[in-house]
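So the structure is just underneath, and the comments pick up after that.
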Amino acid sequence: MSIEVLSSGPMLTVQDAGRCGLRHLGVSNAGPIDGPAMALANALCGNPVDAAALEFAGPGGSFRSTRAVRFAVTGGLCDIRIEGRPVLASMSHRLNPGEILRVGVPDGVVWGYLAFSGGIAIAPVLGSRSTHLRSGLGGVEGRALRAGDVLPLGPDEIDAPCLRSGNTLRGSKVGEPIRVILGPQQDYFSAEILERLTTEEFTVTPQRDRMAMVLGGVDMPAAGGHDIVSDGTVPGSIQVPGSGRPIVLLAESQTTGGYPKIATVVSADLPRLAQLPVGTRFRFGIVSRDEGEELWLAHCRNLRATLADLVPKSEGVLRSDYLLSCDLVGGIFCPEEVVWSELSQGNRRSE
Amino acid sequence: MTPTIHPCGDSALMLQLGDKIDAEANARIIALAARIEAAGVMGVGEVVPTYRSLLLRYDPERIRGAEVERMLLRGYEGLSDTETAGRHWTVPVVYGGEVGQDIEEMALAKGLTPDEMVALHSGAEYRVYMIGFAPGFAYLGGLPEILHTQRLATPRQNIPAGAIGIGGQQASINSVAGPSGWRFIGWTPVKSFDPTRPEPFLFRAGDRIRFRAVEVDEGKLLAERIEAGEAVIEPEAAA
């Protein structure tokens, strides 16, 4: 019972909830860049939220299964086809043995997720299946996937329904500032430079991977110098090296670092920042630690509500109660096109 | 030493003792880390000791930062002066050779012979200040001053695991292969990180390390025994 990778985009990796409890031994957590999106992909397939799934940036790849499975793609809209027939993101679909699934480039975001029912059941390394590319741990030989890789799947309930989401995932909206908590080394920066953090627009540069993203647009020289005695970092830490260009650490961040950290992106906003396409301009906004914690609590409640509110997807015949339950006026779906792409071999719906 | 507390976002904070590399501050940080680990506080996750600060990750759904802060300060106040004893290791090193490619140039620059470099490097006792950067990578303090050497301006792309390095005033044992701007004077067959071993990590912050010079043949023999699954070095009982 396995998934065969027929072709692979450049950044296709196996991830689960991450490798926890080993930062004091130099081991990065890894795990998904956009945790809520991966949790949703898993939930749509009936998996526990921490099951192993695939993360991709750019084109996902093409896949074939040896058994009937359900799969779901999340992160954003995406060109997804079963044997050439387009299907929608953010809901699960059935893939029959031998059928070819193609997953294209996520639209308007960077990181996409592809989960299969049963979860990917490769052997865990240090308690996790997550791939950490830099140290070559987890996943398949610690590397990005390539054509020919075969991924075993865990046990699955063959008759379980395909699911779709009843409400939307995001708590914060596009265009709102990315919220940060100052510290631990904000005192390395003068008042004037600290002010730039919230008054100027930063840009997302192409220098980005699973470890970090380099920001452009604003120069942030540190009056106290750009070297500190190395201390602990976390995903979300905003380091400022000698170039004056801030670096935001992501899921695959190293555990310690020697650059001053002006602030930390709040956990609730880190996936939103990491999903911004190259060239996007955005602002930071400062919140207190207490406010940041409240944002996280609200985020967790929202995510749990979303995951608890998945509903069986209509399969085959469309019924009026199904159509009425769809968010047809929410601006996301056009009803004819939902019908078209779900039931026939037509063109992909347009935006 | 007066501790200061610094937030690291909404789910981590840091207790810091000054801004210098200092053996006493490091010993207190490691003792505090052990104390927090032993207390097993609900909602407190990873505890990461570094040179002079302790990073603590927490789950705000179970414990708020303000409470973690109070707990850290209480823990620090309660520390006794006796340091938690670290373990002692003796690590065999084949000095020079292909991996230890910098030893002759460094010796020349310092007015030493390579043998004198070896005697100095293997004559000192090192303290594991912290594990970081890569899995199992130990930052070692205690390098004799004459061996302090600046890092390369351009890192080399592929330094093997086991390479014995010098970076500024610090010493190291490479735990995984990868790029590095450090200078290298030898290699050890000992694997400080091996995810296939029941205990994947050899060293912990607070441990002490000495190096023992061995000949190429003994190094190869040790490497074969390690490959066969044998643990060729064991920590000596804590002093």
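Lettering and numbering for the structure tokens are positional, with chains as A, B, ... in the shown order, residues counted from 1 in each chain, and ligands counted from 1 in the shown order.
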
Next on the checklist: Just want the 12 Å neighbourhood of Leu56 (chain B), counted on only C-alpha atoms, with same-chain residues fewer than 6 positions away dropped. Output as a ChimeraX atom specification.
Outcome noted: /A:21,23-24,231-234 /B:5-16,29,32-33,36-37,41,43-50,65,68-69,71-72

Item to check | DSSP helix (DSSP H, G or I) residues within region 37-142 of chain B, listed as a PyMOL selection string | outcome: chain B and resi 37-39+65-77+103-110+114-123

Checklist entry - For chain B, which residue out of A:Ser314, A:Asn29, A:Ser92, A:Thr203 is the nearest one, using only C-alpha atoms? => result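 Selected residue with least distance to chain B: A:Asn29.
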
Checklist entry - What residues in chain A lie within 10 Å of chain B, counting only C-alpha atoms, written as a ChimeraX atom specification? => result /A:20-28,125-126,134-138,180-186,228-238,253-257,261-268,287-298,300

Please, could you write that set of residues out with C-alpha atoms as a PDB file, in the first residue's frame?
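Contents of out_32.pdb, as written:
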ATOM      1  CA  CYS A  20      10.084  18.157  19.201  1.00  0.00           C
ATOM      2  CA  GLY A  21      12.136  18.218  22.370  1.00  0.00           C
ATOM      3  CA  LEU A  22      15.619  18.068  20.838  1.00  0.00           C
ATOM      4  CA  ARG A  23      16.554  21.723  20.298  1.00  0.00           C
ATOM      5  CA  HIS A  24      19.026  21.489  23.205  1.00  0.00           C
ATOM      6  CA  LEU A  25      20.859  18.836  21.152  1.00  0.00           C
ATOM      7  CA  GLY A  26      20.994  21.013  18.043  1.00  0.00           C
ATOM      8  CA  VAL A  27      18.038  19.378  16.274  1.00  0.00           C
ATOM      9  CA  SER A  28      15.665  21.711  14.453  1.00  0.00           C
ATOM     10  CA  VAL A 125      13.824   9.378  12.752  1.00  0.00           C
ATOM     11  CA  LEU A 126      14.301  10.802  16.264  1.00  0.00           C
ATOM     12  CA  ARG A 134      20.090  20.725   6.059  1.00  0.00           C
ATOM     13  CA  SER A 135      21.017  17.916   8.404  1.00  0.00           C
ATOM     14  CA  GLY A 136      19.628  15.184   6.165  1.00  0.00           C
ATOM     15  CA  LEU A 137      17.197  13.793   8.742  1.00  0.00           C
ATOM     16  CA  GLY A 138      13.781  12.197   8.316  1.00  0.00           C
ATOM     17  CA  VAL A 180       5.677  40.855  16.114  1.00  0.00           C
ATOM     18  CA  ILE A 181       6.792  40.925  19.740  1.00  0.00           C
ATOM     19  CA  LEU A 182       9.971  42.964  20.315  1.00  0.00           C
ATOM     20  CA  GLY A 183      13.071  41.192  21.611  1.00  0.00           C
ATOM     21  CA  PRO A 184      15.162  39.501  22.728  1.00  0.00           C
ATOM     22  CA  GLN A 185      17.823  41.939  21.385  1.00  0.00           C
ATOM     23  CA  GLN A 186      15.814  45.023  20.406  1.00  0.00           C
ATOM     24  CA  ILE A 228      26.097  38.464  19.775  1.00  0.00           C
ATOM     25  CA  VAL A 229      27.286  35.535  21.858  1.00  0.00           C
ATOM     26  CA  SER A 230      25.202  32.824  20.164  1.00  0.00           C
ATOM     27  CA  ASP A 231      21.934  32.078  21.902  1.00  0.00           C
ATOM     28  CA  GLY A 232      18.719  30.183  21.258  1.00  0.00           C
ATOM     29  CA  THR A 233      16.424  30.907  18.312  1.00  0.00           C
ATOM     30  CA  VAL A 234      12.854  29.895  17.483  1.00  0.00           C
ATOM     31  CA  PRO A 235      10.823  29.825  14.267  1.00  0.00           C
ATOM     32  CA  GLY A 236       9.679  33.439  13.866  1.00  0.00           C
ATOM     33  CA  SER A 237      12.905  34.993  15.223  1.00  0.00           C
ATOM     34  CA  ILE A 238      13.862  38.034  13.132  1.00  0.00           C
ATOM     35  CA  SER A 253      15.576  27.071  11.532  1.00  0.00           C
ATOM     36  CA  GLN A 254      18.881  26.288  13.172  1.00  0.00           C
ATOM     37  CA  THR A 255      18.613  26.031  16.972  1.00  0.00           C
ATOM     38  CA  THR A 256      21.117  28.758  17.899  1.00  0.00           C
ATOM     39  CA  GLY A 257      22.379  31.877  16.181  1.00  0.00           C
ATOM     40  CA  LYS A 261      17.159  39.335  17.021  1.00  0.00           C
ATOM     41  CA  ILE A 262      15.111  42.518  16.897  1.00  0.00           C
ATOM     42  CA  ALA A 263      11.735  40.808  17.322  1.00  0.00           C
ATOM     43  CA  THR A 264       9.792  37.561  16.890  1.00  0.00           C
ATOM     44  CA  VAL A 265       6.826  37.086  14.550  1.00  0.00           C
ATOM     45  CA  VAL A 266       3.790  35.897  16.534  1.00  0.00           C
ATOM     46  CA  SER A 267       2.990  32.219  15.936  1.00  0.00           C
ATOM     47  CA  ALA A 268      -0.494  33.063  14.669  1.00  0.00           C
ATOM     48  CA  VAL A 287       2.035  43.681  19.991  1.00  0.00           C
ATOM     49  CA  SER A 288       2.834  42.861  23.623  1.00  0.00           C
ATOM     50  CA  ARG A 289       3.663  39.327  24.726  1.00  0.00           C
ATOM     51  CA  ASP A 290       0.242  39.053  26.384  1.00  0.00           C
ATOM     52  CA  GLU A 291      -1.484  40.166  23.183  1.00  0.00           C
ATOM     53  CA  GLY A 292       0.627  37.725  21.173  1.00  0.00           C
ATOM     54  CA  GLU A 293      -0.403  34.886  23.478  1.00  0.00           C
ATOM     55  CA  GLU A 294      -4.080  35.907  23.145  1.00  0.00           C
ATOM     56  CA  LEU A 295      -3.703  35.895  19.351  1.00  0.00           C
ATOM     57  CA  TRP A 296      -2.332  32.355  19.557  1.00  0.00           C
ATOM     58  CA  LEU A 297      -5.188  31.173  21.782  1.00  0.00           C
ATOM     59  CA  ALA A 298      -7.710  32.649  19.337  1.00  0.00           C
ATOM     60  CA  CYS A 300      -5.975  27.621  18.135  1.00  0.00           C
TER      61      CYS A 300
END

Item to check | Counting only C-alpha atoms, the option among B:Val214, B:Ile103, B:Leu147, B:Val190 closest to Ala161 (chain B) | outcome: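 Smallest separation from Ala161 (chain B) among the options: B:Val190.
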
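Computed from the coordinates, the CA of Gln150 (chain B) to CA of Trp182 (chain B) distance equals 7.9 Å.
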
Item to check | Contact residues around Glu77 (chain B) with only C-alpha atoms at 12 Å, ignoring same-chain residues under 4 positions, as a list of chain:residue names | outcome: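 Result of the neighbour search: B:Met1, B:Thr2, B:Pro3, B:Arg28, B:Ala31, B:Leu32, B:Arg35, B:Arg70, B:Met71, B:Leu72, B:Leu73, B:Asp81.
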
Using the selection just defined, write its residues with C-alpha atoms as a short mmCIF file (atom, residue, chain, number, x, y, z; two decimals), in the first residue's frame.
data_model
loop_
_atom_site.label_atom_id
_atom_site.label_comp_id
_atom_site.auth_asym_id
_atom_site.auth_seq_id
_atom_site.Cartn_x
_atom_site.Cartn_y
_atom_site.Cartn_z
CA MET B 1 24.98 37.65 38.46
CA THR B 2 21.62 39.29 37.92
CA PRO B 3 19.41 37.50 35.43
CA ARG B 28 24.53 28.27 36.19
CA ALA B 31 22.21 23.86 36.28
CA LEU B 32 19.03 25.91 35.81
CA ARG B 35 16.35 22.05 37.43
CA ARG B 70 8.17 33.81 37.63
CA MET B 71 9.06 30.12 37.62
CA LEU B 72 12.40 30.77 35.88
CA LEU B 73 13.39 33.50 38.32
CA ASP B 81 26.72 27.23 43.94
#
